[in-house]
>>> print(open('upload_34.cif').read())   # mmCIF, C-alpha atoms
data_coords
loop_
_atom_site.label_atom_id
_atom_site.label_comp_id
_atom_site.auth_asym_id
_atom_site.auth_seq_id
_atom_site.Cartn_x
_atom_site.Cartn_y
_atom_site.Cartn_z
CA MET E 1 0.00 0.00 0.00
CA SER E 2 1.12 3.49 -0.67
CA ALA E 3 1.76 5.93 2.13
CA PRO E 4 -0.25 9.12 2.29
CA GLU E 5 1.56 12.10 0.88
CA ALA E 6 -0.29 14.96 2.45
CA GLY E 7 -2.96 15.72 4.98
CA ARG E 8 -3.00 14.34 8.48
CA PRO E 9 0.24 12.50 9.43
CA ILE E 10 -0.06 8.80 10.18
CA SER E 11 0.94 7.52 13.61
CA LEU E 12 4.56 6.40 13.56
CA TRP E 13 3.93 4.51 16.81
CA ARG E 14 2.07 1.90 14.73
CA ASP E 15 4.77 1.71 12.06
CA ARG E 16 6.95 -1.27 13.03
CA ARG E 17 9.54 -0.48 10.37
CA PHE E 18 10.07 3.06 11.62
CA ARG E 19 10.16 1.90 15.25
CA ARG E 20 12.91 -0.56 14.35
CA PHE E 21 14.92 2.14 12.55
CA TRP E 22 14.35 4.61 15.39
CA ALA E 23 15.55 2.04 17.93
CA GLY E 24 18.72 1.36 15.92
CA GLN E 25 19.52 5.06 15.59
CA SER E 26 18.83 5.71 19.28
CA ILE E 27 21.16 2.91 20.39
CA SER E 28 23.86 4.16 18.03
CA GLU E 29 23.52 7.76 19.28
CA PHE E 30 24.10 6.67 22.90
CA GLY E 31 27.14 4.70 21.81
CA ASP E 32 28.52 7.74 20.00
CA ARG E 33 28.47 9.78 23.19
CA ILE E 34 30.77 7.20 24.80
CA THR E 35 33.30 7.32 21.95
CA GLU E 36 33.24 11.13 21.85
CA LEU E 37 34.49 11.03 25.43
CA ALA E 38 36.69 7.95 25.19
CA LEU E 39 38.75 8.76 22.07
CA PRO E 40 40.34 11.96 23.37
CA LEU E 41 40.78 10.35 26.79
CA ILE E 42 42.74 7.48 25.20
CA ALA E 43 44.95 10.06 23.49
CA VAL E 44 45.49 12.07 26.68
CA THR E 45 45.74 9.36 29.34
CA ALA E 46 47.24 6.40 27.50
CA LEU E 47 49.40 8.26 24.98
CA SER E 48 50.08 11.62 26.71
CA ALA E 49 48.98 13.49 23.58
CA SER E 50 49.45 17.24 23.37
CA ALA E 51 46.59 19.70 22.86
CA ASN E 52 47.58 20.04 19.20
CA GLN E 53 47.49 16.26 18.69
CA VAL E 54 44.04 16.06 20.30
CA ALA E 55 42.87 18.88 18.01
CA TRP E 56 44.11 16.92 14.99
CA LEU E 57 42.18 13.89 16.21
CA THR E 58 38.97 15.94 16.23
CA ALA E 59 39.73 17.47 12.83
CA LEU E 60 40.33 14.06 11.22
CA ILE E 61 36.86 12.89 12.22
CA TRP E 62 35.36 15.76 10.20
CA THR E 63 37.81 15.65 7.27
CA PRO E 64 36.05 12.88 5.27
CA ASN E 65 33.06 15.19 4.88
CA LEU E 66 35.10 17.16 2.34
CA LEU E 67 34.73 14.16 0.02
CA ALA E 68 31.01 13.74 0.72
CA ILE E 69 30.02 15.36 -2.57
CA LEU E 70 31.87 12.62 -4.50
CA LEU E 71 30.69 9.82 -2.24
CA GLY E 72 27.12 11.06 -2.54
CA ALA E 73 27.36 10.97 -6.35
CA TRP E 74 28.58 7.38 -6.13
CA VAL E 75 25.84 6.35 -3.68
CA ASP E 76 23.14 7.80 -5.94
CA ARG E 77 23.99 5.13 -8.55
CA ARG E 78 23.61 2.26 -6.08
CA VAL E 79 20.24 0.55 -5.82
CA HIS E 80 20.41 -0.88 -2.30
CA LYS E 81 20.98 2.11 -0.01
CA ARG E 82 20.09 0.04 3.05
CA ARG E 83 22.98 -2.34 2.37
CA LEU E 84 25.35 0.62 2.31
CA MET E 85 24.01 1.82 5.66
CA VAL E 86 24.47 -1.64 7.16
CA LEU E 87 27.99 -1.79 5.71
CA ALA E 88 28.79 1.62 7.20
CA ASP E 89 27.57 0.55 10.64
CA LEU E 90 29.49 -2.71 10.59
CA THR E 91 32.63 -0.89 9.40
CA ARG E 92 32.43 1.59 12.26
CA GLY E 93 31.85 -1.21 14.75
CA GLY E 94 34.80 -3.24 13.44
CA VAL E 95 37.17 -0.28 13.36
CA LEU E 96 36.30 0.73 16.92
CA LEU E 97 36.83 -2.84 18.17
CA SER E 98 40.44 -2.57 17.03
CA LEU E 99 41.09 -0.15 19.91
CA PRO E 100 40.32 -2.45 22.86
CA VAL E 101 42.17 -5.28 21.08
CA ALA E 102 45.26 -3.10 20.67
CA TYR E 103 44.90 -1.90 24.26
CA LEU E 104 44.87 -5.45 25.61
CA LEU E 105 47.99 -6.14 23.53
CA ASP E 106 49.59 -2.91 24.81
CA ALA E 107 49.86 -1.69 21.22
CA VAL E 108 47.62 1.41 21.07
CA SER E 109 49.27 4.25 19.16
CA LEU E 110 48.41 7.78 18.10
CA GLY E 111 48.59 6.64 14.48
CA GLN E 112 45.90 4.05 15.18
CA LEU E 113 43.67 6.69 16.78
CA TYR E 114 44.09 8.89 13.71
CA ALA E 115 43.24 5.95 11.44
CA VAL E 116 40.15 5.15 13.53
CA ALA E 117 39.06 8.80 13.27
CA VAL E 118 39.40 8.84 9.47
CA LEU E 119 37.79 5.44 8.87
CA THR E 120 34.84 5.98 11.21
CA GLY E 121 34.38 9.47 9.76
CA THR E 122 34.35 8.07 6.21
CA ALA E 123 31.85 5.36 7.18
CA ALA E 124 29.66 8.05 8.76
CA VAL E 125 29.65 9.99 5.48
CA LEU E 126 28.66 6.81 3.61
CA PHE E 127 25.80 6.22 6.06
CA ASN E 128 24.58 9.82 5.88
CA THR E 129 24.59 10.01 2.07
CA ALA E 130 22.60 6.76 1.85
CA TYR E 131 20.26 7.89 4.64
CA GLN E 132 18.19 10.42 2.66
CA PRO E 133 16.84 8.07 -0.04
CA PHE E 134 16.30 5.36 2.57
CA PHE E 135 14.35 7.78 4.78
CA VAL E 136 11.85 8.78 2.06
CA HIS E 137 11.09 5.13 1.30
CA LEU E 138 10.53 4.49 4.99
CA VAL E 139 8.51 7.55 6.05
CA PRO E 140 5.52 9.13 4.24
CA ARG E 141 5.81 12.82 3.40
CA SER E 142 3.08 13.77 5.86
CA SER E 143 5.22 12.36 8.70
CA TYR E 144 8.63 13.85 7.80
CA VAL E 145 8.57 16.45 10.59
CA GLU E 146 7.27 13.94 13.14
CA ALA E 147 9.91 11.36 12.20
CA ASN E 148 12.75 13.90 12.31
CA SER E 149 11.41 15.12 15.64
CA ARG E 150 11.64 11.65 17.16
CA LEU E 151 15.09 10.97 15.75
CA SER E 152 16.29 14.36 17.03
CA ALA E 153 14.71 13.72 20.44
CA SER E 154 16.72 10.51 20.78
CA ARG E 155 19.88 12.39 19.86
CA SER E 156 19.05 15.06 22.43
CA VAL E 157 18.47 12.49 25.17
CA SER E 158 21.80 10.89 24.31
CA HIS E 159 23.52 14.26 24.79
CA VAL E 160 21.86 14.69 28.18
CA VAL E 161 22.39 11.17 29.54
CA GLY E 162 25.21 9.83 27.36
CA PRO E 163 28.16 11.79 28.81
CA ALA E 164 27.30 10.70 32.36
CA VAL E 165 26.91 7.06 31.31
CA GLY E 166 30.05 7.27 29.19
CA GLY E 167 32.00 8.79 32.06
CA GLY E 168 30.90 5.98 34.35
CA LEU E 169 31.89 3.33 31.82
CA VAL E 170 35.27 4.95 31.21
CA GLN E 171 35.82 5.10 34.96
CA ALA E 172 34.84 1.45 35.44
CA LEU E 173 36.34 -0.14 32.32
CA THR E 174 39.00 2.37 31.10
CA ALA E 175 38.49 4.36 27.91
CA PRO E 176 39.62 1.73 25.35
CA LEU E 177 37.34 -0.96 26.78
CA ALA E 178 34.38 1.45 27.03
CA VAL E 179 34.61 1.86 23.23
CA VAL E 180 33.34 -1.74 22.97
CA VAL E 181 29.88 -0.46 23.95
CA ASP E 182 29.82 1.94 20.98
CA ALA E 183 31.08 -0.80 18.64
CA LEU E 184 28.24 -3.07 19.78
CA SER E 185 25.75 -0.23 19.30
CA TYR E 186 26.71 -0.09 15.61
CA VAL E 187 26.25 -3.85 15.32
CA ALA E 188 22.79 -3.47 16.86
CA SER E 189 21.95 -0.64 14.46
CA ALA E 190 23.10 -2.72 11.47
CA PHE E 191 21.00 -5.67 12.65
CA LEU E 192 17.85 -3.57 13.09
CA ILE E 193 18.21 -1.70 9.79
CA GLY E 194 19.00 -4.91 7.93
CA ARG E 195 15.74 -6.47 9.14
CA ILE E 196 13.49 -3.65 7.92
CA PRO E 197 11.36 -4.89 5.00
CA LEU E 198 11.71 -2.17 2.41
CA GLY E 199 11.36 -2.16 -1.36
CA GLU E 200 13.90 0.16 -2.95
CA SER E 201 13.50 1.88 -6.27
CA ALA E 202 15.78 1.00 -9.18
CA ALA E 203 16.37 4.71 -9.82
CA GLY E 204 19.97 4.40 -8.75
CA VAL E 205 20.88 1.34 -10.80
CA ASP E 206 24.31 1.35 -12.40
CA ASP E 207 24.45 2.27 -16.06
CA ALA E 208 27.63 2.03 -18.07
CA ALA E 209 26.51 5.07 -20.09
CA SER E 210 25.89 7.22 -17.01
CA PRO E 211 27.87 10.44 -16.47
CA SER E 212 31.21 10.31 -14.70
CA LEU E 213 31.47 10.57 -10.94
CA LEU E 214 32.80 14.13 -11.10
CA ARG E 215 30.02 15.19 -13.44
CA ARG E 216 27.34 13.70 -11.19
CA ALA E 217 28.91 15.43 -8.18
CA ARG E 218 28.85 18.71 -10.08
CA GLU E 219 25.22 18.14 -11.02
CA GLY E 220 24.38 17.76 -7.34
CA MET E 221 25.95 21.09 -6.43
CA VAL E 222 24.45 22.82 -9.48
CA PHE E 223 21.00 21.53 -8.49
CA VAL E 224 21.43 22.88 -4.95
CA TRP E 225 22.61 26.26 -6.20
CA GLY E 226 19.81 26.50 -8.76
CA HIS E 227 16.98 25.68 -6.35
CA PRO E 228 15.82 28.75 -4.36
CA VAL E 229 14.94 26.73 -1.25
CA LEU E 230 18.08 24.59 -1.18
CA ARG E 231 20.36 27.51 -2.05
CA ALA E 232 19.01 29.60 0.83
CA ALA E 233 19.07 26.60 3.17
CA LEU E 234 22.73 25.92 2.40
CA ARG E 235 23.77 29.55 2.77
CA CYS E 236 21.89 29.83 6.07
CA ALA E 237 23.26 26.54 7.47
CA VAL E 238 26.84 27.37 6.47
CA THR E 239 26.63 30.82 8.05
CA VAL E 240 25.12 29.64 11.34
CA ASN E 241 27.48 26.66 11.58
CA PHE E 242 30.58 28.74 10.86
CA PHE E 243 29.78 31.30 13.56
CA THR E 244 28.62 28.79 16.17
CA PHE E 245 31.92 26.98 15.65
CA VAL E 246 33.72 30.33 16.01
CA ALA E 247 32.25 30.34 19.52
CA GLY E 248 32.37 26.55 19.74
CA SER E 249 31.68 24.46 22.83
CA GLY E 250 35.38 24.33 23.69
CA LEU E 251 35.61 28.12 23.92
CA LEU E 252 32.33 28.26 25.83
CA VAL E 253 33.69 25.84 28.43
CA LEU E 254 36.95 27.81 28.58
CA PHE E 255 34.95 31.03 29.05
CA ALA E 256 32.87 29.45 31.82
CA SER E 257 36.00 28.28 33.59
CA ARG E 258 38.35 31.24 33.20
CA SER E 259 36.05 34.25 32.81
CA LEU E 260 33.09 33.13 34.93
CA GLY E 261 35.21 31.24 37.47
CA LEU E 262 32.95 28.18 37.49
CA SER E 263 34.27 24.80 38.62
CA ALA E 264 34.20 21.77 36.34
CA GLY E 265 31.32 20.30 38.33
CA VAL E 266 29.21 23.45 38.09
CA ILE E 267 29.93 23.78 34.38
CA GLY E 268 28.91 20.17 33.79
CA LEU E 269 25.72 20.62 35.80
CA ALA E 270 24.80 23.85 34.00
CA LEU E 271 25.42 22.40 30.54
CA GLY E 272 23.61 19.19 31.46
CA ILE E 273 20.53 21.11 32.59
CA GLY E 274 20.77 23.32 29.54
CA SER E 275 20.92 20.31 27.23
CA THR E 276 17.31 19.49 28.09
CA GLY E 277 16.38 22.41 25.84
CA ALA E 278 17.34 20.36 22.78
CA LEU E 279 15.06 17.55 23.93
CA LEU E 280 12.18 19.98 24.46
CA GLY E 281 12.82 21.61 21.07
CA ALA E 282 12.80 18.26 19.29
CA VAL E 283 9.51 17.25 20.95
CA LEU E 284 7.81 20.60 20.31
CA ALA E 285 9.07 21.11 16.73
CA PRO E 286 6.12 19.34 15.00
CA ARG E 287 3.54 21.23 17.10
CA ILE E 288 5.23 24.59 16.50
CA SER E 289 5.56 23.96 12.76
CA ARG E 290 1.85 23.14 12.54
CA ARG E 291 1.00 26.35 14.38
CA ILE E 292 3.28 28.89 12.67
CA GLY E 293 4.42 26.96 9.59
CA VAL E 294 7.55 25.05 8.63
CA GLY E 295 9.29 28.07 7.11
CA ARG E 296 8.72 30.39 10.04
CA SER E 297 9.87 27.66 12.43
CA ILE E 298 13.16 27.53 10.52
CA VAL E 299 13.45 31.32 10.77
CA VAL E 300 12.85 31.27 14.55
CA GLY E 301 15.38 28.45 14.97
CA ALA E 302 18.02 30.25 12.89
CA VAL E 303 17.90 33.17 15.35
CA MET E 304 17.30 31.24 18.56
CA PHE E 305 20.22 28.85 17.95
CA PRO E 306 23.14 31.38 17.99
CA ALA E 307 21.56 34.31 19.88
CA PRO E 308 21.99 32.84 23.41
CA LEU E 309 25.77 33.02 22.96
CA ALA E 310 25.37 36.76 23.56
CA LEU E 311 23.48 36.01 26.78
CA ALA E 312 26.33 33.79 27.97
CA ALA E 313 28.87 36.49 27.09
CA CYS E 314 27.04 38.95 29.38
CA ALA E 315 26.98 36.61 32.40
CA GLY E 316 28.17 38.01 35.71
CA GLY E 317 27.24 38.48 39.35
CA PRO E 318 27.14 35.81 42.06
CA LEU E 319 27.89 32.14 41.39
CA TRP E 320 24.24 31.10 41.06
CA ALA E 321 23.64 33.88 38.51
CA ARG E 322 26.66 32.99 36.39
CA ALA E 323 25.78 29.29 36.38
CA GLY E 324 22.10 30.07 35.76
CA VAL E 325 22.84 32.28 32.77
CA LEU E 326 25.10 29.59 31.27
CA ALA E 327 22.37 26.94 31.73
CA THR E 328 19.71 29.27 30.29
CA ALA E 329 21.82 30.09 27.26
CA GLU E 330 22.45 26.41 26.58
CA PHE E 331 18.75 25.63 27.07
CA LEU E 332 17.52 28.31 24.65
CA SER E 333 20.17 27.41 22.08
CA GLY E 334 19.11 23.76 22.29
CA VAL E 335 15.48 24.63 21.61
CA GLY E 336 16.57 26.80 18.68
CA VAL E 337 18.83 24.25 17.03
CA MET E 338 16.10 21.61 17.10
CA LEU E 339 13.49 23.96 15.62
CA PHE E 340 16.03 24.72 12.91
CA ASP E 341 17.25 21.18 12.23
CA VAL E 342 13.98 19.23 12.42
CA ASN E 343 12.11 21.58 10.08
CA LEU E 344 14.96 22.33 7.69
CA ASN E 345 15.84 18.64 7.29
CA SER E 346 12.18 17.84 6.60
CA LEU E 347 11.87 20.66 4.08
CA GLN E 348 15.03 19.62 2.24
CA THR E 349 13.81 16.03 2.08
CA SER E 350 10.57 17.22 0.51
CA VAL E 351 12.08 19.22 -2.35
CA ILE E 352 14.92 16.93 -3.49
CA PRO E 353 14.08 14.49 -6.33
CA ASP E 354 14.71 10.81 -5.62
CA GLY E 355 17.49 10.44 -8.18
CA MET E 356 19.59 13.19 -6.60
CA ARG E 357 19.14 12.68 -2.87
CA SER E 358 22.57 11.24 -2.06
CA ARG E 359 24.58 13.64 -4.18
CA VAL E 360 22.66 16.62 -2.79
CA ALA E 361 23.28 15.31 0.75
CA GLY E 362 26.95 14.96 -0.17
CA ALA E 363 27.10 18.51 -1.52
CA PHE E 364 25.53 19.85 1.68
CA SER E 365 27.91 17.87 3.88
CA SER E 366 31.01 18.95 1.96
CA VAL E 367 30.20 22.64 2.32
CA ASN E 368 28.31 22.70 5.62
CA TYR E 369 30.59 20.39 7.59
CA GLY E 370 33.70 21.52 5.75
CA VAL E 371 33.30 25.05 7.10
CA ARG E 372 33.19 23.93 10.74
CA PRO E 373 36.94 23.38 11.28
CA LEU E 374 37.55 26.77 9.63
CA GLY E 375 35.15 28.40 12.09
CA ALA E 376 36.95 26.75 15.00
CA VAL E 377 40.33 28.06 13.78
CA VAL E 378 38.96 31.59 13.34
CA GLY E 379 37.41 31.38 16.81
CA GLY E 380 40.76 30.51 18.33
CA LEU E 381 42.43 33.44 16.60
CA LEU E 382 39.70 35.86 17.69
CA ALA E 383 39.80 34.63 21.28
CA THR E 384 43.58 35.11 21.37
CA ALA E 385 43.40 38.61 19.89
CA PHE E 386 40.22 40.05 21.44
CA GLY E 387 39.21 37.80 24.33
CA LEU E 388 36.56 35.18 24.98
CA ARG E 389 33.60 37.51 25.61
CA ALA E 390 34.15 39.32 22.34
CA THR E 391 34.44 36.03 20.47
CA LEU E 392 31.14 34.76 21.89
CA LEU E 393 29.47 38.02 20.80
CA VAL E 394 30.90 37.66 17.29
CA GLY E 395 29.53 34.11 17.17
CA ALA E 396 26.08 35.28 18.28
CA VAL E 397 25.81 38.26 15.93
CA GLY E 398 27.36 36.46 12.96
CA GLY E 399 25.14 33.42 13.50
CA MET E 400 21.97 35.54 13.58
CA MET E 401 22.99 37.06 10.25
CA SER E 402 22.08 33.71 8.69
CA LEU E 403 18.51 35.01 8.93
CA LEU E 404 19.20 37.34 5.98
CA TRP E 405 19.56 34.38 3.60
CA LEU E 406 16.15 33.08 4.69
CA LEU E 407 14.32 36.40 4.44
CA ALA E 408 15.46 36.79 0.84
CA SER E 409 14.14 33.31 -0.06
CA PRO E 410 10.74 31.57 -0.35
CA ILE E 411 11.35 29.62 2.90
CA PRO E 412 9.49 31.91 5.38
CA ARG E 413 6.36 31.65 3.21
CA ILE E 414 6.29 27.83 3.19
CA ARG E 415 3.51 26.72 5.49
CA SER E 416 3.66 22.93 5.18
CA LEU E 417 5.32 20.13 3.21
CA ALA E 418 2.31 19.60 0.96
CA PRO E 419 3.30 19.80 -2.76
CA ASP E 420 1.14 22.90 -3.34
CA ASP E 421 2.93 24.78 -0.56
CA LEU E 422 6.32 23.77 -1.98
CA ALA E 423 5.66 25.23 -5.45
CA VAL E 424 8.13 28.11 -5.35
CA PRO E 425 9.13 30.48 -8.18
CA GLY E 426 12.25 29.35 -9.94
CA GLY E 427 12.37 26.01 -8.15
CA GLY E 428 9.11 24.34 -8.98
CA ALA E 429 7.31 21.89 -6.82
CA ASP E 430 8.81 18.68 -5.64
CA THR E 431 9.01 16.57 -8.75
CA ASP E 432 9.75 13.02 -7.75
CA SER E 433 10.20 12.55 -4.05
CA ARG E 434 7.29 10.35 -3.06
CA PRO E 435 8.04 7.14 -1.24
CA ALA E 436 7.82 3.89 -3.13
CA PRO E 437 4.72 1.72 -2.62
CA ARG E 438 4.81 -0.24 0.62
#
>>> encode(input="upload_34.cif", output="structure tokens")
Amino acid sequence: MSAPEAGRPISLWRDRRFRRFWAGQSISEFGDRITELALPLIAVTALSASANQVAWLTALIWTPNLLAILLGAWVDRRVHKRRLMVLADLTRGGVLLSLPVAYLLDAVSLGQLYAVAVLTGTAAVLFNTAYQPFFVHLVPRSSYVEANSRLSASRSVSHVVGPAVGGGLVQALTAPLAVVVDALSYVASAFLIGRIPLGESAAGVDDAASPSLLRRAREGMVFVWGHPVLRAALRCAVTVNFFTFVAGSGLLVLFASRSLGLSAGVIGLALGIGSTGALLGAVLAPRISRRIGVGRSIVVGAVMFPAPLALAACAGGPLWARAGVLATAEFLSGVGVMLFDVNLNSLQTSVIPDGMRSRVAGAFSSVNYGVRPLGAVVGGLLATAFGLRATLLVGAVGGMMSLLWLLASPIPRIRSLAPDDLAVPGGGADTDSRPAPR
């Protein structure tokens, strides 16, 4: 049977296939929080890595995204996107398991950590570029926002609970052995995704006469740049991501410690409380988008995500006030980023044709994620030259400027994801993005 395309969303609670996918993603997200903590701890505690070496470890995880535009063009020509997602999960699980094995053999090295960062990062890009076409075959258009809300809510919960669980596991098992939990989470995700009954379209079948990889990658970027919704979305996302990385979480923690004089425990408590904002934002995103529209929700999120950095920069007074302002800023930013992400991801999914989903996702990743390390470098330079408060203010003001790209586009006028609402001048309505028959 074919899923409904518009009108009232169906209940995803009754969709066994989505529940299985949601469970796999949720398990994987919790595992990721452990590795995010464990990898740098292995470098610092087991290998006495310097700050520069730890920074390189973080950078190498993001580096494969620069090739996402090419990988996305390759994925678009594959028929079985689900197999690629399973392969990506199993690859990440296998690569991570090499760390506890090497640890038990007393053979862990910085080179191995760098290799793990690159390989897991590359597998993540493969998974993400195959994700878009898989998602539209799994979820009906009328439920895009609801589905993204639930997936984002799981990610938010993992950010609230995951660090505490990860810290306990690292404390009890040591960092290398704690990574086993994340490796097993990828195995669980692969198992659950692999068992989802899903017919996939032959739109991506290999054809010897098809354009070259570079040409298909170029077509993906040209399509993004020629579509008024996608062009504005990319410009907005790149701007807000660059400036929020200028005032990235590392500088915010440094500011809280050095400028606000907060202890590590107070900082952790404030950020943990503040992280509940992302969970609330993910849960409320569908309701807010129904009330004010998808486009306006994106606009509100684009402002509400970076603006609280200015609030944090103005913190002062007694201890409770400084900690409270930090928690409030994190809370408001979390609500904003979920309003932005849930609705923008749903909108993008609705306007991209089936045959171009992976290469468009690759084009977005190459530009959007590629700019993040640059923002972090600029943030470090600004903090050194002008101080932490000034850098946070630059991040807030620059991030809010992303709104200008949206106001000059059709996005604020888009009320829902129904095809009639998505018919925009110069871009046309969604042409071929309906899910395959179920």
>>> closest_residue(input="upload_34.cif", among="E:Leu382, E:Leu84, E:Ala282, E:Val335", to="Asn128 (chain E)", atoms="only C-alpha atoms")
E:Leu84
>>> resolve_selection(input="upload_34.cif", expression="the PyMOL selection byres ((chain E and resi 262) around 12)", output="PyMOL selection string")
chain E and resi 252-261+263-271+315-326
>>> residues_around(input="upload_34.cif", residues="region 114-117 of chain E", least_positions_apart="2", cutoff="9 Å", atoms="only C-alpha atoms", output="PyMOL selection string")
chain E and resi 39+56-62+92+95-96+98-99+109-112+119-122
>>> closest_residue(input="upload_34.cif", among="E:Tyr369, E:Phe364, E:Phe18, E:Tyr186", to="Pro140 (chain E)", atoms="only C-alpha atoms")
E:Phe18
>>> atom_distance(input="upload_34.cif", atom1="CA of Leu105 (chain E)", atom2="CA of Thr45 (chain E)")
16.7 Å
>>> closest_residue(input="upload_34.cif", among="E:Leu151, E:Val360, E:Trp74, E:Cys236", to="Arg19 (chain E)", atoms="only C-alpha atoms")
E:Leu151
>>> closest_residue(input="upload_34.cif", among="E:Asp341, E:Glu330, E:Asp106, E:Asp182", to="Ala312 (chain E)", atoms="all atoms listed in the file")
E:Glu330
>>> atom_distance(input="upload_34.cif", atom1="CA of Phe223 (chain E)", atom2="CA of Asp354 (chain E)")
12.8 Å
>>> closest_atom_pairs(input="upload_34.cif", of="region 193-291 of chain E", to="region 388-401 of chain E", cutoff="6 Å", atoms="only C-alpha atoms", output="Markdown table")
| residue | atom | partner | partner_atom | distance |
| --- | --- | --- | --- | --- |
| E:Val240 | CA | E:Gly399 | CA | 4.4 |
| E:Phe243 | CA | E:Gly395 | CA | 4.6 |
| E:Thr244 | CA | E:Gly395 | CA | 5.5 |
| E:Val246 | CA | E:Gly395 | CA | 5.8 |
| E:Ala247 | CA | E:Leu392 | CA | 5.1 |
>>> closest_residue(input="upload_34.cif", among="E:Ala363, E:Leu41, E:Leu404, E:Leu12", to="Ala175 (chain E)", atoms="only C-alpha atoms")
E:Leu41
>>> atom_distance(input="upload_34.cif", atom1="CA of Leu403 (chain E)", atom2="CA of Arg231 (chain E)")
13.4 Å
>>> resolve_selection(input="upload_34.cif", expression="the PyMOL selection byres ((chain E and resi 290) around 12)", output="mmCIF file with C-alpha atoms, in the coordinates of the input")
data_model
loop_
_atom_site.group_PDB
_atom_site.id
_atom_site.type_symbol
_atom_site.label_atom_id
_atom_site.label_comp_id
_atom_site.auth_asym_id
_atom_site.auth_seq_id
_atom_site.Cartn_x
_atom_site.Cartn_y
_atom_site.Cartn_z
ATOM 1 C CA GLY E 7 -2.960 15.720 4.980
ATOM 2 C CA ARG E 8 -3.000 14.340 8.480
ATOM 3 C CA PRO E 9 0.240 12.500 9.430
ATOM 4 C CA SER E 142 3.080 13.770 5.860
ATOM 5 C CA SER E 143 5.220 12.360 8.700
ATOM 6 C CA VAL E 145 8.570 16.450 10.590
ATOM 7 C CA GLU E 146 7.270 13.940 13.140
ATOM 8 C CA LEU E 284 7.810 20.600 20.310
ATOM 9 C CA ALA E 285 9.070 21.110 16.730
ATOM 10 C CA PRO E 286 6.120 19.340 15.000
ATOM 11 C CA ARG E 287 3.540 21.230 17.100
ATOM 12 C CA ILE E 288 5.230 24.590 16.500
ATOM 13 C CA SER E 289 5.560 23.960 12.760
ATOM 14 C CA ARG E 291 1.000 26.350 14.380
ATOM 15 C CA ILE E 292 3.280 28.890 12.670
ATOM 16 C CA GLY E 293 4.420 26.960 9.590
ATOM 17 C CA VAL E 294 7.550 25.050 8.630
ATOM 18 C CA GLY E 295 9.290 28.070 7.110
ATOM 19 C CA ARG E 296 8.720 30.390 10.040
ATOM 20 C CA SER E 297 9.870 27.660 12.430
ATOM 21 C CA ASN E 343 12.110 21.580 10.080
ATOM 22 C CA ILE E 414 6.290 27.830 3.190
ATOM 23 C CA ARG E 415 3.510 26.720 5.490
ATOM 24 C CA SER E 416 3.660 22.930 5.180
ATOM 25 C CA LEU E 417 5.320 20.130 3.210
#
>>> resolve_selection(input="upload_34.cif", expression="the PyMOL selection byres ((chain E and resi 33) around 10)", output="VMD selection string")
chain E and resid 28 to 32 34 to 38 155 158 to 167 182
>>> closest_residue(input="upload_34.cif", among="E:Gly375, E:Pro228, E:Pro197, E:Pro306", to="Phe134 (chain E)", atoms="only C-alpha atoms")
E:Pro197
>>> closest_atom_pairs(input="upload_34.cif", of="region 62-115 of chain E", to="region 20-24 of chain E", cutoff="12 Å", atoms="all atoms listed in the file", output="CSV")
residue,atom,partner,partner_atom,distance
E:Arg82,CA,E:Phe21,CA,11.0
E:Met85,CA,E:Phe21,CA,11.4
E:Val86,CA,E:Gly24,CA,10.9
E:Asp89,CA,E:Gly24,CA,10.3
>>> residues_around(input="upload_34.cif", residues="Ser402 (chain E)", least_positions_apart="6", cutoff="12 Å", atoms="all atoms listed in the file", output="list in words")
Ala232, Ala233, Leu234, Arg235, Cys236, Ala237, Val238, Thr239, Val240, Asn241, Phe242, Phe243, Thr244, Ile298, Val299, Val300, Gly301, Ala302, Val303, Met304, Phe305, Pro306, Ala307, Phe340, Gly395, Ala396, Ala408 and Ser409 of chain E
>>> axis_aligned_box(input="upload_34.cif", around="region 144-149 of chain E", padding_each_side="6 Å", output="JSON")
{"center_x": 10.0, "center_y": 13.9, "center_z": 11.7, "size_x": 17.5, "size_y": 17.1, "size_z": 19.8}
>>> decode(input="upload_34.cif", residues="region 42-46 of chain E", atoms="N, CA, C and O atoms", output="mmCIF file, in the first residue's frame")
data_model
loop_
_atom_site.group_PDB
_atom_site.id
_atom_site.type_symbol
_atom_site.label_atom_id
_atom_site.label_comp_id
_atom_site.auth_asym_id
_atom_site.auth_seq_id
_atom_site.Cartn_x
_atom_site.Cartn_y
_atom_site.Cartn_z
ATOM 1 N N ILE E 42 41.684 8.450 25.545
ATOM 2 C CA ILE E 42 42.738 7.484 25.198
ATOM 3 C C ILE E 42 43.993 8.236 24.789
ATOM 4 O O ILE E 42 45.112 7.904 25.204
ATOM 5 N N ALA E 43 43.799 9.281 23.956
ATOM 6 C CA ALA E 43 44.951 10.063 23.487
ATOM 7 C C ALA E 43 45.669 10.742 24.647
ATOM 8 O O ALA E 43 46.898 10.759 24.716
ATOM 9 N N VAL E 44 44.895 11.295 25.585
ATOM 10 C CA VAL E 44 45.486 12.069 26.676
ATOM 11 C C VAL E 44 46.071 11.182 27.765
ATOM 12 O O VAL E 44 47.210 11.374 28.216
ATOM 13 N N THR E 45 45.309 10.165 28.188
ATOM 14 C CA THR E 45 45.739 9.362 29.339
ATOM 15 C C THR E 45 46.690 8.234 28.961
ATOM 16 O O THR E 45 47.676 7.986 29.654
ATOM 17 N N ALA E 46 46.410 7.555 27.863
ATOM 18 C CA ALA E 46 47.235 6.400 27.497
ATOM 19 C C ALA E 46 48.443 6.787 26.660
ATOM 20 O O ALA E 46 49.470 6.097 26.686
#
